[in-house]
Amino acid sequence: MAFHFEKPSKFDFKPGQAADVTLSNPPETDSEGNTRTFSIASSPFERQLMFTTRMRDTAFKRSLKKVLLGTDVKIDSPMDSFTLHKNSAKPAVFLAGGIGITPFLSIVRQADHDRLPHKLYLFYSNRRPEDAAFLEALQMLQKSNPNFQLVCTMTEMSKSKKEWKEETGLINQEMLSGHLTNPQGPVYYIAGPPAMVAGLRKMLVTANIDEDDIRTEDFAGY
Ligand SMILES: Cc1cc2nc3c(=O)[nH]c(=O)nc-3n(C[C@H](O)[C@H](O)[C@H](O)COP(=O)(O)OP(=O)(O)OC[C@H]3O[C@@H](n4cnc5c(N)ncnc54)[C@H](O)[C@@H]3O)c2cc1C
């Protein structure tokens, strides 16, 4: 579910950054409190701030689901350095699991808007196409931006009612080398549930990718 907020006039952020969102006086709360960290899924060129989350049965999310239009929330200053590297000679390879797509959506849409010269590859893993947030928007972006290549993979097509002719199975070395001309050259960015992030980092290190070229963001709680 996506949540859209008016962007305060002096709110600056870089694509890929996250912010703490706090509900004031929510109808219910629990021991985890009224604050969660979310990547800003919108891009700086857009007029609104958008956060997107996988809805689950926690007090915070039950409360978030009920907020009325026009509700004020507290959004702290953007944080993190999960932002695109400057050297455009080095491609970026984004590895996203599920809702881990949010920082990458912001990065690839801003890069398109600014016509950045970087080559961007997004490997996006979900159980089924039905679960894949922003799938159509990303497919459209790939058609209009020759610097952006999207590789979507589904890991549980047996549970899907949709047709799928692209990649299936987990992101692995074989899938990467099938789409990248030189897997040693890019900067890799991984975002998603902690177990997936750890697994993909290990896979890259085993493939002799320089650890300085691997950046990760754990979405704790999944
Ligand atoms: C930089 C960053 C960006 C993120 N961006 C997004 C996003 O764009 N969309 C999104 O849906 N989620 C994002 N997350 C994850 C988000 O902050 C929540 O943790 C997640 O949505 C789960 O919230 P919940 O209310 O469902 O579960 P919760 O009630 O928060 O917790 C579920 C379980 O996770 C554990 N847990 C919670 N926080 C932590 C933690 N920090 N470390 C270890 N264990 C923890 C709890 O103890 C509990 O057992 C991001 C996290 C980080 C750090």
# chains A, B, ... in the order shown; residues from 1 in each chain; ligands from 1

$ residues_around --residues "A:Arg36" --least-positions-apart "6" --cutoff "9 Å" --atoms "only C-alpha atoms" --output "PyMOL selection string"
chain A and resi 19-22+60

$ closest_atom_pairs --of "stretch 40-150 of chain A" --to "stretch 174-196 of chain A" --cutoff "9 Å" --atoms "only C-alpha atoms" --output "tab-separated table"
residue	atom	partner	partner_atom	distance
A:Phe82	CA	A:Tyr189	CA	7.9
A:Leu84	CA	A:Tyr189	CA	8.9
A:His85	CA	A:Val187	CA	7.8
A:Ala89	CA	A:Pro186	CA	8.9
A:Lys90	CA	A:Pro186	CA	5.2
A:Pro91	CA	A:Pro186	CA	4.6
A:Ala92	CA	A:Val187	CA	5.0
A:Val93	CA	A:Tyr188	CA	4.8
A:Phe94	CA	A:Tyr189	CA	4.8
A:Leu95	CA	A:Ile190	CA	4.7
A:Ala96	CA	A:Ala191	CA	5.2
A:Gly97	CA	A:Gly192	CA	4.7
A:Gly98	CA	A:Gly192	CA	6.5
A:Ile99	CA	A:Gly192	CA	6.5
A:Gly100	CA	A:Gly192	CA	4.0
A:Ile101	CA	A:Ala191	CA	7.1
A:Thr102	CA	A:Ala191	CA	8.7
A:Pro103	CA	A:Ala191	CA	8.0
A:Phe104	CA	A:Ala191	CA	8.6
A:Tyr121	CA	A:Leu180	CA	8.4
A:Phe123	CA	A:Leu176	CA	8.4
A:Gln149	CA	A:His179	CA	8.9

$ select_by_dssp --residues "stretch 132-203 of chain A" --states "strand (DSSP E or B)" --output "ChimeraX atom specification"
/A:148-154,167-168,187-192

$ atom_distance --atom1 "atom 30 (O, counted along the ligand's line) of ligand 1" --atom2 "atom CA of A:Leu23"
13.4 Å

$ closest_atom_pairs --of "chain A" --to "ligand 1" --cutoff "6 Å" --atoms "only C-alpha atoms and all ligand atoms" --output "tab-separated table"
residue	atom	partner	partner_atom_place_in_ligand_line	distance
A:Ala18	CA	ligand 1	1 (C)	5.4
A:Glu32	CA	ligand 1	29 (O)	5.5
A:Arg36	CA	ligand 1	17 (O)	4.5
A:Thr37	CA	ligand 1	17 (O)	3.8
A:Phe38	CA	ligand 1	5 (N)	3.5
A:Ser39	CA	ligand 1	8 (O)	3.9
A:Thr52	CA	ligand 1	9 (N)	5.3
A:Thr53	CA	ligand 1	11 (O)	3.3
A:Arg54	CA	ligand 1	11 (O)	4.8
A:Arg56	CA	ligand 1	26 (O)	5.1
A:Thr58	CA	ligand 1	25 (O)	5.0
A:Phe60	CA	ligand 1	25 (O)	5.4
A:Lys61	CA	ligand 1	25 (O)	5.6
A:Ile99	CA	ligand 1	9 (N)	5.7
A:Thr102	CA	ligand 1	8 (O)	5.0
A:Glu217	CA	ligand 1	1 (C)	6.0
A:Asp218	CA	ligand 1	53 (C)	5.7
A:Phe219	CA	ligand 1	51 (C)	3.9
A:Ala220	CA	ligand 1	19 (O)	4.5
A:Gly221	CA	ligand 1	34 (O)	3.0
A:Tyr222	CA	ligand 1	22 (C)	5.8

$ residues_around --residues "A:Ser81" --least-positions-apart "3" --cutoff "9 Å" --atoms "only C-alpha atoms" --output "PDB file with N, CA and C atoms, in the first residue's frame"
ATOM      1  N   LYS A  14      17.862  12.746  -1.167  1.00  0.00           N
ATOM      2  CA  LYS A  14      18.473  12.139  -2.352  1.00  0.00           C
ATOM      3  C   LYS A  14      17.722  10.855  -2.658  1.00  0.00           C
ATOM      4  N   GLY A  16      16.837   7.206  -2.943  1.00  0.00           N
ATOM      5  CA  GLY A  16      17.413   6.061  -2.224  1.00  0.00           C
ATOM      6  C   GLY A  16      17.442   6.265  -0.715  1.00  0.00           C
ATOM      7  N   GLN A  17      17.222   7.499  -0.258  1.00  0.00           N
ATOM      8  CA  GLN A  17      17.260   7.737   1.193  1.00  0.00           C
ATOM      9  C   GLN A  17      15.962   7.290   1.867  1.00  0.00           C
ATOM     10  N   LEU A  84      22.875   6.629  -5.339  1.00  0.00           N
ATOM     11  CA  LEU A  84      23.639   6.227  -6.531  1.00  0.00           C
ATOM     12  C   LEU A  84      25.054   6.828  -6.513  1.00  0.00           C
TER      13      LEU A  84
END

$ select_by_dssp --residues "stretch 69-124 of chain A" --states "helix (DSSP H, G or I)" --output "PyMOL selection string"
chain A and resi 98-113

$ write_last_selection --atoms "N, CA, C and O atoms" --output "PDB file, in the first residue's frame"
ATOM      1  N   GLY A  98      11.102  -8.117  -3.023  1.00  0.00           N
ATOM      2  CA  GLY A  98       9.803  -7.634  -2.557  1.00  0.00           C
ATOM      3  C   GLY A  98       9.760  -6.136  -2.372  1.00  0.00           C
ATOM      4  O   GLY A  98      10.137  -5.368  -3.268  1.00  0.00           O
ATOM      5  N   ILE A  99       9.356  -5.706  -1.179  1.00  0.00           N
ATOM      6  CA  ILE A  99       9.180  -4.277  -0.931  1.00  0.00           C
ATOM      7  C   ILE A  99      10.525  -3.545  -0.871  1.00  0.00           C
ATOM      8  O   ILE A  99      10.569  -2.309  -0.850  1.00  0.00           O
ATOM      9  N   GLY A 100      11.614  -4.279  -0.939  1.00  0.00           N
ATOM     10  CA  GLY A 100      12.952  -3.692  -1.084  1.00  0.00           C
ATOM     11  C   GLY A 100      13.095  -2.890  -2.372  1.00  0.00           C
ATOM     12  O   GLY A 100      14.121  -2.246  -2.621  1.00  0.00           O
ATOM     13  N   ILE A 101      12.072  -2.892  -3.200  1.00  0.00           N
ATOM     14  CA  ILE A 101      12.088  -2.113  -4.444  1.00  0.00           C
ATOM     15  C   ILE A 101      12.059  -0.604  -4.182  1.00  0.00           C
ATOM     16  O   ILE A 101      12.474   0.190  -5.030  1.00  0.00           O
ATOM     17  N   THR A 102      11.567  -0.167  -3.016  1.00  0.00           N
ATOM     18  CA  THR A 102      11.264   1.263  -2.826  1.00  0.00           C
ATOM     19  C   THR A 102      12.452   2.213  -3.066  1.00  0.00           C
ATOM     20  O   THR A 102      12.278   3.198  -3.787  1.00  0.00           O
ATOM     21  N   PRO A 103      13.642   1.966  -2.497  1.00  0.00           N
ATOM     22  CA  PRO A 103      14.721   2.933  -2.779  1.00  0.00           C
ATOM     23  C   PRO A 103      15.100   2.952  -4.257  1.00  0.00           C
ATOM     24  O   PRO A 103      15.439   4.001  -4.812  1.00  0.00           O
ATOM     25  N   PHE A 104      15.013   1.796  -4.913  1.00  0.00           N
ATOM     26  CA  PHE A 104      15.413   1.711  -6.322  1.00  0.00           C
ATOM     27  C   PHE A 104      14.409   2.411  -7.241  1.00  0.00           C
ATOM     28  O   PHE A 104      14.784   2.986  -8.258  1.00  0.00           O
ATOM     29  N   LEU A 105      13.132   2.356  -6.861  1.00  0.00           N
ATOM     30  CA  LEU A 105      12.134   3.068  -7.664  1.00  0.00           C
ATOM     31  C   LEU A 105      12.478   4.554  -7.689  1.00  0.00           C
ATOM     32  O   LEU A 105      12.462   5.197  -8.748  1.00  0.00           O
ATOM     33  N   SER A 106      12.814   5.093  -6.522  1.00  0.00           N
ATOM     34  CA  SER A 106      13.167   6.513  -6.439  1.00  0.00           C
ATOM     35  C   SER A 106      14.411   6.814  -7.291  1.00  0.00           C
ATOM     36  O   SER A 106      14.446   7.783  -8.048  1.00  0.00           O
ATOM     37  N   ILE A 107      15.408   5.935  -7.198  1.00  0.00           N
ATOM     38  CA  ILE A 107      16.670   6.166  -7.929  1.00  0.00           C
ATOM     39  C   ILE A 107      16.454   6.089  -9.445  1.00  0.00           C
ATOM     40  O   ILE A 107      16.874   6.981 -10.191  1.00  0.00           O
ATOM     41  N   VAL A 108      15.751   5.043  -9.911  1.00  0.00           N
ATOM     42  CA  VAL A 108      15.658   4.879 -11.373  1.00  0.00           C
ATOM     43  C   VAL A 108      14.740   5.932 -11.995  1.00  0.00           C
ATOM     44  O   VAL A 108      14.982   6.394 -13.105  1.00  0.00           O
ATOM     45  N   ARG A 109      13.723   6.364 -11.263  1.00  0.00           N
ATOM     46  CA  ARG A 109      12.832   7.384 -11.836  1.00  0.00           C
ATOM     47  C   ARG A 109      13.524   8.748 -11.876  1.00  0.00           C
ATOM     48  O   ARG A 109      13.371   9.507 -12.818  1.00  0.00           O
ATOM     49  N   GLN A 110      14.330   9.060 -10.827  1.00  0.00           N
ATOM     50  CA  GLN A 110      15.057  10.338 -10.847  1.00  0.00           C
ATOM     51  C   GLN A 110      16.147  10.302 -11.932  1.00  0.00           C
ATOM     52  O   GLN A 110      16.355  11.288 -12.638  1.00  0.00           O
ATOM     53  N   ALA A 111      16.814   9.142 -12.068  1.00  0.00           N
ATOM     54  CA  ALA A 111      17.865   9.021 -13.090  1.00  0.00           C
ATOM     55  C   ALA A 111      17.273   9.237 -14.479  1.00  0.00           C
ATOM     56  O   ALA A 111      17.882   9.892 -15.340  1.00  0.00           O
ATOM     57  N   ASP A 112      16.062   8.727 -14.681  1.00  0.00           N
ATOM     58  CA  ASP A 112      15.380   8.911 -15.965  1.00  0.00           C
ATOM     59  C   ASP A 112      15.038  10.396 -16.163  1.00  0.00           C
ATOM     60  O   ASP A 112      15.285  10.967 -17.225  1.00  0.00           O
ATOM     61  N   HIS A 113      14.527  11.003 -15.118  1.00  0.00           N
ATOM     62  CA  HIS A 113      14.141  12.417 -15.180  1.00  0.00           C
ATOM     63  C   HIS A 113      15.350  13.299 -15.497  1.00  0.00           C
ATOM     64  O   HIS A 113      15.271  14.219 -16.311  1.00  0.00           O
TER      65      HIS A 113
END

$ atom_distance --atom1 "atom CA of A:Asn34" --atom2 "atom CA of A:Phe5"
17.4 Å

$ residues_around --residues "A:Met157" --least-positions-apart "3" --cutoff "7 Å" --atoms "only C-alpha atoms" --output "PyMOL selection string"
chain A and resi 127-128+154+160

$ closest_residue --among "A:Arg201, A:His4, A:Lys165, A:Lys119" --to "A:Gln142" --atoms "only C-alpha atoms"
A:Lys119

$ atom_distance --atom1 "atom CA of A:Leu120" --atom2 "atom CA of A:Asn147"
6.0 Å
